[in-house]
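Each remark here refers to the structure printed beneath this line.
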Amino acid sequence: MPVDGSIGELVDGLLPRLRLSSLDRSGQPVHYDARLQREERHLHRTERVGDALLPDDHLVLHPRVVAG
Amino acid sequence: MIVCHHRFLLLLQQPEGPVLGQLPLAPNWEPAVEWAAFAALRAGGRETPPHGRVVPVADPRLGLPYLSGFRVELDGADPAPPPCEFPVTYFARDARRGSAALVEAKKLRVGDTFSYRLIAVEQPEESSAQPAALAFEVGEETRPLAVTNAPLPPLFAATVPMGETDGSSAYPVFLPQAVLTEAQTLVEAAGAREVGGILLGHLQRDPALPDIGAVVTAQIPARHAVGEAEKLTFTPETWAAVEAAIRLRRSREIILGWWHSHPARFWCQDKACPPATRRACSLQRGFFSSDDLSLHESVFAKAFHLALVVTFADEGCHHALYGWNQGVVQRRGFRLLPDPTDSHPPPTVAGCAPPTNPHPAEAAAAPTQEPIRESPATCQPGEARLSPSPSHDFRRSFPVHFLHPRASPCRILETRQGTRNLT
C-alpha cells in the first residue's frame, strides 16, 4: 500500500480480511475507527499510512453502530 | 469460513391454507455457527474457530425440500463435536419481515396469524470470488477464550432465578444485584437521558457437569458516552476508558455484554395518555429495539454476549436481560446474586416466568427463594402474529461509536523501511 494511502482506505481494506461487515443486519452502514495501540489513540481516516504506522504496529477496529 | 451448498426459502401461508408467497433468504449463518462452537465448548470440548458447514435437516413428515431446520457441522475439532441443530424459528424474524410485503399486497392484515415453512434447494457450488489482493499483509490474532474452571453448583445455591429461562439450551448467567443497583442509580441520575455501560466478567466452566456459566462481576459506566432522550452515543474515548478499566482491574475479565437504559417515563409526556394506557404501553414494559438488536448482532456476536436493558418506567426501574439462544437474540433469565450490604429493594425484572427446565446444576444447589412468576408472551414455533410494532419506530437512527469486543487486533506484519510501503 502506498505510503500516501489513507487510514480510511486501510480500514476499508481490512474489513473483508477480518470478516467484518460494512453493513449491519438492518442494512445500515457500520463505520469503523482504527485505534493505534502504540499511541493509544484513534487514527483519523484522512491520516497517511506512511505517517501514522510503523512496523509491527497493532490496530484495533472499533465500529460505530446504532443503538436506541 | 462457513460453507452452505443450498439455497433457502420461506413459504408463507395461512394456517392450513394456501401459500401466500415465498421469500428467498440470505441467511446470516454466523450466529448459528457461533452458537454451535459455544455449545461444543459447554459440552467440554476445546475451543474451535467458528468454521463449519450448514446442512439442511429434512422434515420427517414431508421430506425434502421441506425442512424441520438445519444443522451446523463444525470444522477443526478432533474429535468433531456432535452437529448442532437449529429449528425453523431461526428465521422467524425473516418471516415477519416477509409478511410485511403480504400486508402491502393485502394478502394479510395486521393481527392475522400466518405460518411459514422452510425449504431448501441444492445449488451448484460457486467459485467464491476472492477479494482483490491488498498490497499489505495483515495477521489476525485469535485470542483464546478466557475460561476459568470452577464448580457451578455453589453459584446456583447462592443465587435466585429471575426472568424466563429455557433450561434446555440457555447457559446460566449470574448477575450480582450490585451491578443492577449501580446501573439503576446511573439511570435514575440521568433522568430523561439514556445511559449505558459494559458488562464485565468471566466464563466459568464446570467440567463435572459439564457446562459453562457467564459470571458478571462488574459494569463499567460509559462515562464518555453522550446520552440523549432517545439515543446513546458511545465515543471512542468511551472504549479507551473501558479497555483501561479492564487493565486496571487486573482480574482477567472479559466483556460479557453491554447495558443501556430506556427512560420511558419521559417519552410521550406531551401525549398525556391516561395512567392505565401508559401502564399498558409497550414502551413502559421494556423492549429491545431494532436498533438495539442490530447493535447486538453486529458487535456482540459471540454466543455468550448479553444485553441488559434498564427501563425507567413510570413505576420505577425494571430490568430485562437479552442474549443469544440457538443463534437468535431473545429475552432470557438470569441468576441474581444478592448483595447483603445493599439496602436497595430487589430489582424488578420484566417478563419473568419460572424456569421451565431448571439447569442440572440446580439439583446440586440448595433452594433459596421462590422465583418471580409472570408469564411472558411468546409465539409458537413456526408461527408469528402480526401486530403493531412495540418498538419505538418513531425514533430515529443515530450513529454510535462502539467497541468491537470480537474484533481481533490486526497487526501490520511488515513495512518496507526504504519506501515505508506496507507490503
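For the C-alpha cells, the naming scheme is as follows: chains receive sequential letters (A, B, ...) according to their order of presentation, residues are indexed from 1 within each chain, and ligands are indexed from 1 in presentation order.
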
I'd like the neighbourhood of Glu85 (chain B) as an MDAnalysis selection string, where a residue qualifies if any of its atoms comes within 7 Å (using only C-alpha atoms), though same-chain residues fewer than 6 positions away should be ignored. chainID B and resid 70:72

Please provide as an MDAnalysis selection string all residues within 12 Å of Leu199 (chain B), with the sequence filter that same-chain residues fewer than 4 positions apart are discarded (counting only C-alpha atoms). chainID B and resid 173:176 179:180 182:183 214:222 242 245:246 253:260 300 304:309 321 405

Filtering to N, CA and C atoms, could you give me those residues as a tab-separated table (two decimals), in the first residue's frame?
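Result file is part.tsv:
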```tsv
chain	number	residue	atom	x	y	z
B	173	VAL	N	-26.48	-17.60	33.56
B	173	VAL	CA	-25.87	-16.27	33.72
B	173	VAL	C	-26.06	-15.83	35.17
B	174	PHE	N	-25.00	-15.41	35.80
B	174	PHE	CA	-25.02	-14.98	37.19
B	174	PHE	C	-24.73	-13.49	37.23
B	175	LEU	N	-25.69	-12.76	37.80
B	175	LEU	CA	-25.62	-11.29	37.76
B	175	LEU	C	-25.74	-10.76	39.18
B	176	PRO	N	-24.73	-10.05	39.68
B	176	PRO	CA	-24.83	-9.51	41.04
B	176	PRO	C	-25.85	-8.39	41.12
B	179	VAL	N	-24.52	-4.91	40.58
B	179	VAL	CA	-24.40	-4.39	39.21
B	179	VAL	C	-25.72	-3.75	38.78
B	180	LEU	N	-26.82	-4.43	39.08
B	180	LEU	CA	-28.12	-3.86	38.73
B	180	LEU	C	-28.37	-2.56	39.50
B	182	GLU	N	-26.11	-0.47	40.67
B	182	GLU	CA	-25.27	0.60	40.10
B	182	GLU	C	-25.90	1.15	38.83
B	183	ALA	N	-26.35	0.23	37.98
B	183	ALA	CA	-26.95	0.67	36.71
B	183	ALA	C	-28.19	1.50	36.98
B	214	ALA	N	-21.84	-17.78	32.58
B	214	ALA	CA	-21.30	-16.43	32.46
B	214	ALA	C	-21.49	-15.73	33.81
B	215	VAL	N	-20.40	-15.31	34.41
B	215	VAL	CA	-20.45	-14.69	35.74
B	215	VAL	C	-20.11	-13.21	35.58
B	216	VAL	N	-21.12	-12.38	35.67
B	216	VAL	CA	-20.89	-10.93	35.57
B	216	VAL	C	-20.29	-10.45	36.89
B	217	THR	N	-19.25	-9.68	36.80
B	217	THR	CA	-18.59	-9.19	38.01
B	217	THR	C	-18.71	-7.68	38.18
B	218	ALA	N	-18.90	-6.96	37.10
B	218	ALA	CA	-18.93	-5.50	37.21
B	218	ALA	C	-19.55	-4.90	35.97
B	219	GLN	N	-19.96	-3.67	36.11
B	219	GLN	CA	-20.35	-2.87	34.95
B	219	GLN	C	-19.45	-1.64	34.92
B	220	ILE	N	-19.03	-1.30	33.75
B	220	ILE	CA	-18.21	-0.10	33.57
B	220	ILE	C	-19.09	0.96	32.92
B	221	PRO	N	-19.39	2.03	33.63
B	221	PRO	CA	-20.24	3.06	33.02
B	221	PRO	C	-19.56	3.69	31.81
B	222	ALA	N	-20.33	3.95	30.83
B	222	ALA	CA	-19.80	4.62	29.64
B	222	ALA	C	-19.79	6.12	29.91
B	242	VAL	N	-12.97	1.96	28.80
B	242	VAL	CA	-13.34	0.59	29.17
B	242	VAL	C	-12.11	-0.32	29.13
B	245	ALA	N	-10.00	0.38	32.05
B	245	ALA	CA	-10.59	-0.14	33.29
B	245	ALA	C	-10.34	-1.63	33.42
B	246	ILE	N	-10.46	-2.34	32.33
B	246	ILE	CA	-10.21	-3.79	32.37
B	246	ILE	C	-8.77	-4.06	32.77
B	253	GLU	N	-10.83	-10.16	33.42
B	253	GLU	CA	-12.23	-10.15	32.99
B	253	GLU	C	-12.31	-9.97	31.48
B	254	ILE	N	-13.42	-10.41	30.95
B	254	ILE	CA	-13.69	-10.18	29.54
B	254	ILE	C	-15.00	-9.42	29.42
B	255	ILE	N	-15.25	-8.91	28.25
B	255	ILE	CA	-16.52	-8.22	28.01
B	255	ILE	C	-17.60	-9.27	27.79
B	256	LEU	N	-18.57	-9.28	28.69
B	256	LEU	CA	-19.67	-10.24	28.57
B	256	LEU	C	-20.89	-9.62	27.90
B	257	GLY	N	-20.91	-8.31	27.79
B	257	GLY	CA	-22.06	-7.70	27.16
B	257	GLY	C	-22.11	-6.20	27.42
B	258	TRP	N	-23.28	-5.67	27.30
B	258	TRP	CA	-23.46	-4.23	27.45
B	258	TRP	C	-24.82	-3.97	28.08
B	259	TRP	N	-25.01	-2.77	28.54
B	259	TRP	CA	-26.31	-2.39	29.06
B	259	TRP	C	-26.60	-0.94	28.65
B	260	HIS	N	-27.87	-0.63	28.60
B	260	HIS	CA	-28.25	0.76	28.38
B	260	HIS	C	-29.67	0.94	28.89
B	300	PHE	N	-21.87	-7.59	19.35
B	300	PHE	CA	-21.80	-8.59	20.41
B	300	PHE	C	-22.28	-9.93	19.85
B	304	PHE	N	-22.08	-15.99	23.92
B	304	PHE	CA	-22.29	-15.71	25.34
B	304	PHE	C	-22.57	-14.24	25.61
B	305	HIS	N	-22.57	-13.40	24.60
B	305	HIS	CA	-22.76	-11.97	24.82
B	305	HIS	C	-24.18	-11.64	25.29
B	306	LEU	N	-24.27	-10.70	26.21
B	306	LEU	CA	-25.53	-10.34	26.85
B	306	LEU	C	-25.85	-8.87	26.62
B	307	ALA	N	-27.11	-8.54	26.76
B	307	ALA	CA	-27.54	-7.14	26.70
B	307	ALA	C	-28.57	-6.92	27.80
B	308	LEU	N	-28.30	-5.98	28.66
B	308	LEU	CA	-29.22	-5.65	29.75
B	308	LEU	C	-29.88	-4.31	29.42
B	309	VAL	N	-31.19	-4.29	29.50
B	309	VAL	CA	-31.94	-3.06	29.28
B	309	VAL	C	-32.60	-2.65	30.60
B	321	LEU	N	-33.01	-8.89	30.56
B	321	LEU	CA	-31.74	-9.37	30.00
B	321	LEU	C	-32.02	-10.08	28.70
B	405	PRO	N	-15.93	-5.91	20.65
B	405	PRO	CA	-15.29	-6.86	21.54
B	405	PRO	C	-14.86	-8.13	20.85
```

In chain A, what's helix (DSSP H, G or I) per DSSP? Answer as a CSV table (one decimal) with all heavy atoms, in the first residue's frame?
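The new file part.csv reads:
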```
chain,number,residue,atom,x,y,z
A,7,ILE,N,-5.6,6.2,6.1
A,7,ILE,CA,-6.1,5.2,7.1
A,7,ILE,C,-7.5,4.7,6.7
A,7,ILE,O,-7.8,3.5,6.9
A,7,ILE,CB,-6.1,5.8,8.5
A,7,ILE,CG1,-4.6,6.1,8.9
A,7,ILE,CG2,-6.7,4.9,9.5
A,7,ILE,CD1,-3.7,4.9,9.1
A,8,GLY,N,-8.3,5.6,6.2
A,8,GLY,CA,-9.6,5.1,5.8
A,8,GLY,C,-9.6,4.0,4.8
A,8,GLY,O,-10.4,3.1,4.8
A,9,GLU,N,-8.7,4.2,3.8
A,9,GLU,CA,-8.6,3.1,2.8
A,9,GLU,C,-8.1,1.8,3.4
A,9,GLU,O,-8.5,0.7,3.0
A,9,GLU,CB,-7.6,3.6,1.7
A,9,GLU,CG,-8.2,4.7,0.8
A,9,GLU,CD,-7.1,5.4,-0.1
A,9,GLU,OE1,-5.9,5.4,0.3
A,9,GLU,OE2,-7.5,5.8,-1.2
A,10,LEU,N,-7.1,2.0,4.3
A,10,LEU,CA,-6.6,0.8,5.0
A,10,LEU,C,-7.7,0.1,5.8
A,10,LEU,O,-7.9,-1.1,5.7
A,10,LEU,CB,-5.5,1.2,6.0
A,10,LEU,CG,-4.9,0.1,6.8
A,10,LEU,CD1,-4.2,-1.0,6.0
A,10,LEU,CD2,-3.9,0.7,7.9
A,11,VAL,N,-8.5,0.8,6.5
A,11,VAL,CA,-9.6,0.2,7.3
A,11,VAL,C,-10.6,-0.5,6.4
A,11,VAL,O,-11.0,-1.6,6.6
A,11,VAL,CB,-10.3,1.3,8.2
A,11,VAL,CG1,-11.6,0.7,8.8
A,11,VAL,CG2,-9.3,1.8,9.3
A,12,ASP,N,-11.0,0.2,5.3
A,12,ASP,CA,-11.9,-0.4,4.4
A,12,ASP,C,-11.3,-1.7,3.8
A,12,ASP,O,-12.1,-2.7,3.5
A,12,ASP,CB,-12.3,0.6,3.3
A,12,ASP,CG,-13.0,1.8,3.8
A,12,ASP,OD1,-13.6,1.7,4.9
A,12,ASP,OD2,-13.1,2.8,3.1
A,13,GLY,N,-10.0,-1.7,3.6
A,13,GLY,CA,-9.4,-2.9,3.0
A,13,GLY,C,-9.3,-4.0,4.1
A,13,GLY,O,-9.3,-5.2,3.7
A,14,LEU,N,-9.3,-3.6,5.3
A,14,LEU,CA,-9.1,-4.7,6.4
A,14,LEU,C,-10.4,-5.4,6.6
A,14,LEU,O,-10.4,-6.6,7.0
A,14,LEU,CB,-8.7,-4.0,7.7
A,14,LEU,CG,-7.2,-3.6,7.8
A,14,LEU,CD1,-7.0,-2.8,9.0
A,14,LEU,CD2,-6.3,-4.8,7.8
A,15,LEU,N,-11.5,-4.8,6.4
A,15,LEU,CA,-12.8,-5.3,6.8
A,15,LEU,C,-13.0,-6.7,6.2
A,15,LEU,O,-13.4,-7.7,7.0
A,15,LEU,CB,-14.0,-4.4,6.5
A,15,LEU,CG,-14.0,-3.1,7.2
A,15,LEU,CD1,-15.2,-2.3,6.8
A,15,LEU,CD2,-13.9,-3.2,8.7
A,16,PRO,N,-12.9,-6.9,4.9
A,16,PRO,CA,-13.1,-8.3,4.4
A,16,PRO,C,-12.1,-9.3,4.9
A,16,PRO,O,-12.4,-10.4,5.1
A,16,PRO,CB,-13.0,-8.1,2.9
A,16,PRO,CG,-12.3,-6.8,2.6
A,16,PRO,CD,-12.7,-6.0,3.8
A,17,ARG,N,-10.8,-8.8,5.1
A,17,ARG,CA,-9.8,-9.7,5.6
A,17,ARG,C,-10.2,-10.2,7.0
A,17,ARG,O,-9.8,-11.3,7.4
A,17,ARG,CB,-8.5,-9.0,5.7
A,17,ARG,CG,-7.9,-8.5,4.4
A,17,ARG,CD,-7.5,-9.7,3.5
A,17,ARG,NE,-6.8,-9.3,2.4
A,17,ARG,CZ,-5.5,-9.2,2.3
A,17,ARG,NH1,-4.7,-9.5,3.4
A,17,ARG,NH2,-4.9,-8.8,1.2
A,49,VAL,N,-1.0,6.6,5.9
A,49,VAL,CA,-0.5,5.4,6.4
A,49,VAL,C,1.0,5.5,6.7
A,49,VAL,O,1.5,5.1,7.8
A,49,VAL,CB,-0.7,4.2,5.4
A,49,VAL,CG1,0.0,3.0,5.9
A,49,VAL,CG2,-2.2,3.9,5.4
A,50,GLY,N,1.7,6.1,5.8
A,50,GLY,CA,3.2,6.2,6.0
A,50,GLY,C,3.6,7.1,7.1
A,50,GLY,O,4.6,6.9,7.7
A,51,ASP,N,2.7,8.0,7.5
A,51,ASP,CA,3.0,8.9,8.6
A,51,ASP,C,2.6,8.3,10.0
A,51,ASP,O,3.2,8.5,11.0
A,51,ASP,CB,2.2,10.2,8.5
A,51,ASP,CG,2.7,11.0,7.3
A,51,ASP,OD1,3.9,10.8,6.9
A,51,ASP,OD2,2.0,11.9,6.8
A,52,ALA,N,1.5,7.5,9.9
A,52,ALA,CA,0.9,7.1,11.2
A,52,ALA,C,1.5,5.7,11.7
A,52,ALA,O,1.6,5.5,12.9
A,52,ALA,CB,-0.6,7.0,11.1
```

What residues in chain A lie within 6 Å of chain B, counting only C-alpha atoms, written as an MDAnalysis selection string? chainID A and resid 1:3 24:25 55:60 62:68

Can you pull out the residues contacting Pro50 (chain B)? Cut-off 10 Å, using only C-alpha atoms, and skip same-chain residues under 6 positions away; I want them as a PDB file with N, CA, C and O atoms, in the first residue's frame.
```
ATOM      1  N   MET B   1     -14.651 -19.678   7.810  1.00  0.00           N
ATOM      2  CA  MET B   1     -15.353 -19.990   6.571  1.00  0.00           C
ATOM      3  C   MET B   1     -16.594 -20.830   6.888  1.00  0.00           C
ATOM      4  O   MET B   1     -16.507 -21.819   7.606  1.00  0.00           O
ATOM      5  N   ILE B   2     -17.712 -20.398   6.382  1.00  0.00           N
ATOM      6  CA  ILE B   2     -18.966 -21.128   6.571  1.00  0.00           C
ATOM      7  C   ILE B   2     -19.445 -21.574   5.197  1.00  0.00           C
ATOM      8  O   ILE B   2     -19.646 -20.750   4.306  1.00  0.00           O
ATOM      9  N   GLU B  30     -23.590 -16.824  10.779  1.00  0.00           N
ATOM     10  CA  GLU B  30     -22.585 -16.641  11.828  1.00  0.00           C
ATOM     11  C   GLU B  30     -23.143 -16.891  13.231  1.00  0.00           C
ATOM     12  O   GLU B  30     -22.497 -17.584  14.031  1.00  0.00           O
ATOM     13  N   PRO B  31     -24.344 -16.369  13.578  1.00  0.00           N
ATOM     14  CA  PRO B  31     -24.843 -16.663  14.929  1.00  0.00           C
ATOM     15  C   PRO B  31     -25.026 -18.150  15.175  1.00  0.00           C
ATOM     16  O   PRO B  31     -24.772 -18.627  16.285  1.00  0.00           O
ATOM     17  N   ALA B  32     -25.450 -18.883  14.163  1.00  0.00           N
ATOM     18  CA  ALA B  32     -25.641 -20.325  14.341  1.00  0.00           C
ATOM     19  C   ALA B  32     -24.304 -21.024  14.561  1.00  0.00           C
ATOM     20  O   ALA B  32     -24.177 -21.897  15.436  1.00  0.00           O
ATOM     21  N   VAL B  33     -23.316 -20.643  13.782  1.00  0.00           N
ATOM     22  CA  VAL B  33     -22.012 -21.296  13.920  1.00  0.00           C
ATOM     23  C   VAL B  33     -21.368 -20.903  15.248  1.00  0.00           C
ATOM     24  O   VAL B  33     -20.745 -21.732  15.920  1.00  0.00           O
ATOM     25  N   GLU B  34     -21.538 -19.643  15.647  1.00  0.00           N
ATOM     26  CA  GLU B  34     -21.026 -19.220  16.952  1.00  0.00           C
ATOM     27  C   GLU B  34     -21.696 -20.019  18.066  1.00  0.00           C
ATOM     28  O   GLU B  34     -21.047 -20.435  19.028  1.00  0.00           O
ATOM     29  N   TRP B  35     -23.010 -20.205  17.936  1.00  0.00           N
ATOM     30  CA  TRP B  35     -23.738 -20.942  18.968  1.00  0.00           C
ATOM     31  C   TRP B  35     -23.263 -22.397  19.000  1.00  0.00           C
ATOM     32  O   TRP B  35     -23.081 -22.985  20.073  1.00  0.00           O
ATOM     33  N   ALA B  36     -23.047 -22.980  17.823  1.00  0.00           N
ATOM     34  CA  ALA B  36     -22.588 -24.371  17.771  1.00  0.00           C
ATOM     35  C   ALA B  36     -21.198 -24.501  18.412  1.00  0.00           C
ATOM     36  O   ALA B  36     -20.935 -25.461  19.150  1.00  0.00           O
ATOM     37  N   ALA B  37     -20.334 -23.541  18.136  1.00  0.00           N
ATOM     38  CA  ALA B  37     -18.987 -23.588  18.722  1.00  0.00           C
ATOM     39  C   ALA B  37     -19.057 -23.434  20.241  1.00  0.00           C
ATOM     40  O   ALA B  37     -18.339 -24.109  20.988  1.00  0.00           O
ATOM     41  N   PHE B  38     -19.965 -22.557  20.709  1.00  0.00           N
ATOM     42  CA  PHE B  38     -20.106 -22.365  22.157  1.00  0.00           C
ATOM     43  C   PHE B  38     -20.738 -23.599  22.802  1.00  0.00           C
ATOM     44  O   PHE B  38     -20.364 -23.997  23.911  1.00  0.00           O
ATOM     45  N   LEU B  74     -19.233 -28.445  12.679  1.00  0.00           N
ATOM     46  CA  LEU B  74     -18.040 -27.626  12.876  1.00  0.00           C
ATOM     47  C   LEU B  74     -16.806 -28.287  12.291  1.00  0.00           C
ATOM     48  O   LEU B  74     -16.671 -29.516  12.289  1.00  0.00           O
ATOM     49  N   ASP B  75     -15.916 -27.470  11.811  1.00  0.00           N
ATOM     50  CA  ASP B  75     -14.614 -27.945  11.349  1.00  0.00           C
ATOM     51  C   ASP B  75     -13.590 -27.785  12.458  1.00  0.00           C
ATOM     52  O   ASP B  75     -13.789 -27.038  13.412  1.00  0.00           O
ATOM     53  N   GLY B  76     -12.497 -28.471  12.301  1.00  0.00           N
ATOM     54  CA  GLY B  76     -11.310 -28.149  13.070  1.00  0.00           C
ATOM     55  C   GLY B  76     -11.197 -28.783  14.430  1.00  0.00           C
ATOM     56  O   GLY B  76     -10.196 -28.610  15.110  1.00  0.00           O
ATOM     57  N   LYS B 302     -20.721 -12.893  19.831  1.00  0.00           N
ATOM     58  CA  LYS B 302     -20.355 -14.148  20.469  1.00  0.00           C
ATOM     59  C   LYS B 302     -21.572 -14.749  21.164  1.00  0.00           C
ATOM     60  O   LYS B 302     -22.423 -14.015  21.691  1.00  0.00           O
TER      61      LYS B 302
END
```

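The closest residue to Leu108 (chain B), picked from B:Ala225, B:Leu209, B:Val187, B:Leu12 and counting only C-alpha atoms, is B:Leu12.
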